[in-house]
Amino acid sequence: MSISSLTSMGALMVAAGLTVSTVALAASPEPAAPAPGSDRITNPVAEFAGIDKITGRIITFDVYIDETVQFGALQVTPRVCYSRPQNEEPKTDSFVEVDEITLDRKIRRIFTGWMFAESPGLNAVEHAVYDVWLKACKQKSDVPAPDAAKTDAAKPDTAQPNATAAPAAAEPEATEPPTTSTN
């Protein structure tokens, strides 16, 4: 046998081996990948972190979707906030608009786009004084919802008793012992 025939036989054997392994791989049961976007969770609250570069203070704050929160001279408004179930790879993203209030009190849009919690440096807002980035998307927040705050302000306060029914802060009655005069 010549060297060229041995080389071609080796190449055929390698090719046959690759074909067998490819067929075996195709035949093995593999879990079906979910359709993109099918398992994402829409959240009502986006959690951000911000740093004030002057003081060095880092603050975490929650913002409800379509509501605006001011952080320093920046106004942060998340439009959507998506996350994945806990049994999947974490992917948290939010579409955010950030405006700056300038010294002459004008509002200037400095950022519109997607922020990713797993890659905070990718699309964080970098400002001369303030930086803002997405930390998480949440279903609940300790901060009251803006609609709840508006309805609470519109409702009369029923926790206080009616002023005609009973005084709000009645003074305690004097309990001094009776005095007798010995004159």
# chains A, B, ... in the order shown; residues from 1 in each chain; ligands from 1
$ residues_around --residues "segment 127-136 of chain A" --least-positions-apart "4" --cutoff "7 Å" --atoms "only C-alpha atoms" --output "list in words"
Ala46, Glu47, Phe48, Ala49, Gly50, Ile51, Asp52, Lys53, Ile54, Thr92, Met115, Phe116, Ala117 and Pro120 of chain A
$ residues_around --residues "Pro78 of chain A" --least-positions-apart "6" --cutoff "8 Å" --atoms "only C-alpha atoms" --output "PyMOL selection string"
chain A and resi 46+63-68+94-97
$ residues_around --residues "Ala73 of chain A" --least-positions-apart "3" --cutoff "8 Å" --atoms "only C-alpha atoms" --output "list in words"
Gln70, Glu100, Ile101, Thr102 and Tyr130 of chain A
$ write_last_selection --atoms "N, CA, C and O atoms" --output "short mmCIF file (atom, residue, chain, number, x, y, z; two decimals), in the first residue's frame"
data_model
loop_
_atom_site.label_atom_id
_atom_site.label_comp_id
_atom_site.auth_asym_id
_atom_site.auth_seq_id
_atom_site.Cartn_x
_atom_site.Cartn_y
_atom_site.Cartn_z
N GLN A 70 -36.54 60.74 40.65
CA GLN A 70 -35.39 61.62 40.48
C GLN A 70 -34.26 61.17 41.37
O GLN A 70 -34.44 60.93 42.56
N GLU A 100 -31.83 64.38 32.11
CA GLU A 100 -31.03 65.21 33.00
C GLU A 100 -31.71 66.57 33.12
O GLU A 100 -32.15 67.15 32.13
N ILE A 101 -31.79 67.06 34.35
CA ILE A 101 -32.28 68.41 34.57
C ILE A 101 -31.04 69.31 34.56
O ILE A 101 -30.19 69.21 35.44
N THR A 102 -30.95 70.17 33.56
CA THR A 102 -29.77 71.02 33.40
C THR A 102 -29.83 72.19 34.37
O THR A 102 -30.85 72.43 35.02
N TYR A 130 -23.41 61.60 38.35
CA TYR A 130 -24.19 60.44 38.77
C TYR A 130 -24.08 59.30 37.76
O TYR A 130 -24.07 59.53 36.56
#
$ residues_around --residues "Asn43 of chain A" --least-positions-apart "5" --cutoff "7 Å" --atoms "only C-alpha atoms" --output "MDAnalysis selection string"
chainID A and resid 81:82 137:139
$ select_by_dssp --residues "segment 112-143 of chain A" --states "strand (DSSP E)" --output "PDB file with N, CA and C atoms, in the first residue's frame"
ATOM      1  N   THR A 112     -31.634  56.449  26.367  1.00  0.00           N
ATOM      2  CA  THR A 112     -32.821  55.671  26.042  1.00  0.00           C
ATOM      3  C   THR A 112     -32.324  54.331  25.545  1.00  0.00           C
ATOM      4  N   GLY A 113     -32.692  53.261  26.231  1.00  0.00           N
ATOM      5  CA  GLY A 113     -32.250  51.951  25.769  1.00  0.00           C
ATOM      6  C   GLY A 113     -32.415  50.879  26.822  1.00  0.00           C
ATOM      7  N   TRP A 114     -31.836  49.731  26.518  1.00  0.00           N
ATOM      8  CA  TRP A 114     -31.929  48.563  27.384  1.00  0.00           C
ATOM      9  C   TRP A 114     -30.772  48.548  28.371  1.00  0.00           C
ATOM     10  N   MET A 115     -31.081  48.225  29.617  1.00  0.00           N
ATOM     11  CA  MET A 115     -30.072  47.993  30.647  1.00  0.00           C
ATOM     12  C   MET A 115     -30.166  46.530  31.044  1.00  0.00           C
ATOM     13  N   PHE A 116     -29.009  45.929  31.315  1.00  0.00           N
ATOM     14  CA  PHE A 116     -28.941  44.512  31.665  1.00  0.00           C
ATOM     15  C   PHE A 116     -28.313  44.362  33.043  1.00  0.00           C
ATOM     16  N   VAL A 125     -25.848  54.236  32.768  1.00  0.00           N
ATOM     17  CA  VAL A 125     -25.827  55.674  32.483  1.00  0.00           C
ATOM     18  C   VAL A 125     -24.624  56.260  33.204  1.00  0.00           C
ATOM     19  N   GLU A 126     -23.722  56.814  32.440  1.00  0.00           N
ATOM     20  CA  GLU A 126     -22.536  57.439  33.015  1.00  0.00           C
ATOM     21  C   GLU A 126     -22.646  58.937  32.813  1.00  0.00           C
ATOM     22  N   TYR A 130     -23.405  61.596  38.355  1.00  0.00           N
ATOM     23  CA  TYR A 130     -24.194  60.437  38.771  1.00  0.00           C
ATOM     24  C   TYR A 130     -24.076  59.299  37.759  1.00  0.00           C
ATOM     25  N   ASP A 131     -23.997  58.089  38.272  1.00  0.00           N
ATOM     26  CA  ASP A 131     -24.088  56.884  37.449  1.00  0.00           C
ATOM     27  C   ASP A 131     -25.295  56.096  37.923  1.00  0.00           C
ATOM     28  N   VAL A 132     -26.026  55.468  37.005  1.00  0.00           N
ATOM     29  CA  VAL A 132     -27.201  54.666  37.339  1.00  0.00           C
ATOM     30  C   VAL A 132     -27.133  53.372  36.550  1.00  0.00           C
ATOM     31  N   TRP A 133     -27.460  52.257  37.203  1.00  0.00           N
ATOM     32  CA  TRP A 133     -27.499  50.968  36.513  1.00  0.00           C
ATOM     33  C   TRP A 133     -28.597  50.103  37.113  1.00  0.00           C
ATOM     34  N   LEU A 134     -29.084  49.142  36.321  1.00  0.00           N
ATOM     35  CA  LEU A 134     -30.145  48.225  36.720  1.00  0.00           C
ATOM     36  C   LEU A 134     -29.574  47.133  37.614  1.00  0.00           C
ATOM     37  N   LYS A 135     -30.262  46.854  38.723  1.00  0.00           N
ATOM     38  CA  LYS A 135     -29.852  45.762  39.612  1.00  0.00           C
ATOM     39  C   LYS A 135     -30.756  44.544  39.472  1.00  0.00           C
ATOM     40  N   ALA A 136     -32.077  44.783  39.420  1.00  0.00           N
ATOM     41  CA  ALA A 136     -33.011  43.656  39.391  1.00  0.00           C
ATOM     42  C   ALA A 136     -34.386  44.140  38.950  1.00  0.00           C
ATOM     43  N   CYS A 137     -35.230  43.169  38.660  1.00  0.00           N
ATOM     44  CA  CYS A 137     -36.647  43.418  38.437  1.00  0.00           C
ATOM     45  C   CYS A 137     -37.390  42.673  39.532  1.00  0.00           C
ATOM     46  N   LYS A 138     -38.410  43.300  40.085  1.00  0.00           N
ATOM     47  CA  LYS A 138     -39.100  42.717  41.234  1.00  0.00           C
ATOM     48  C   LYS A 138     -40.605  42.760  41.053  1.00  0.00           C
TER      49      LYS A 138
END
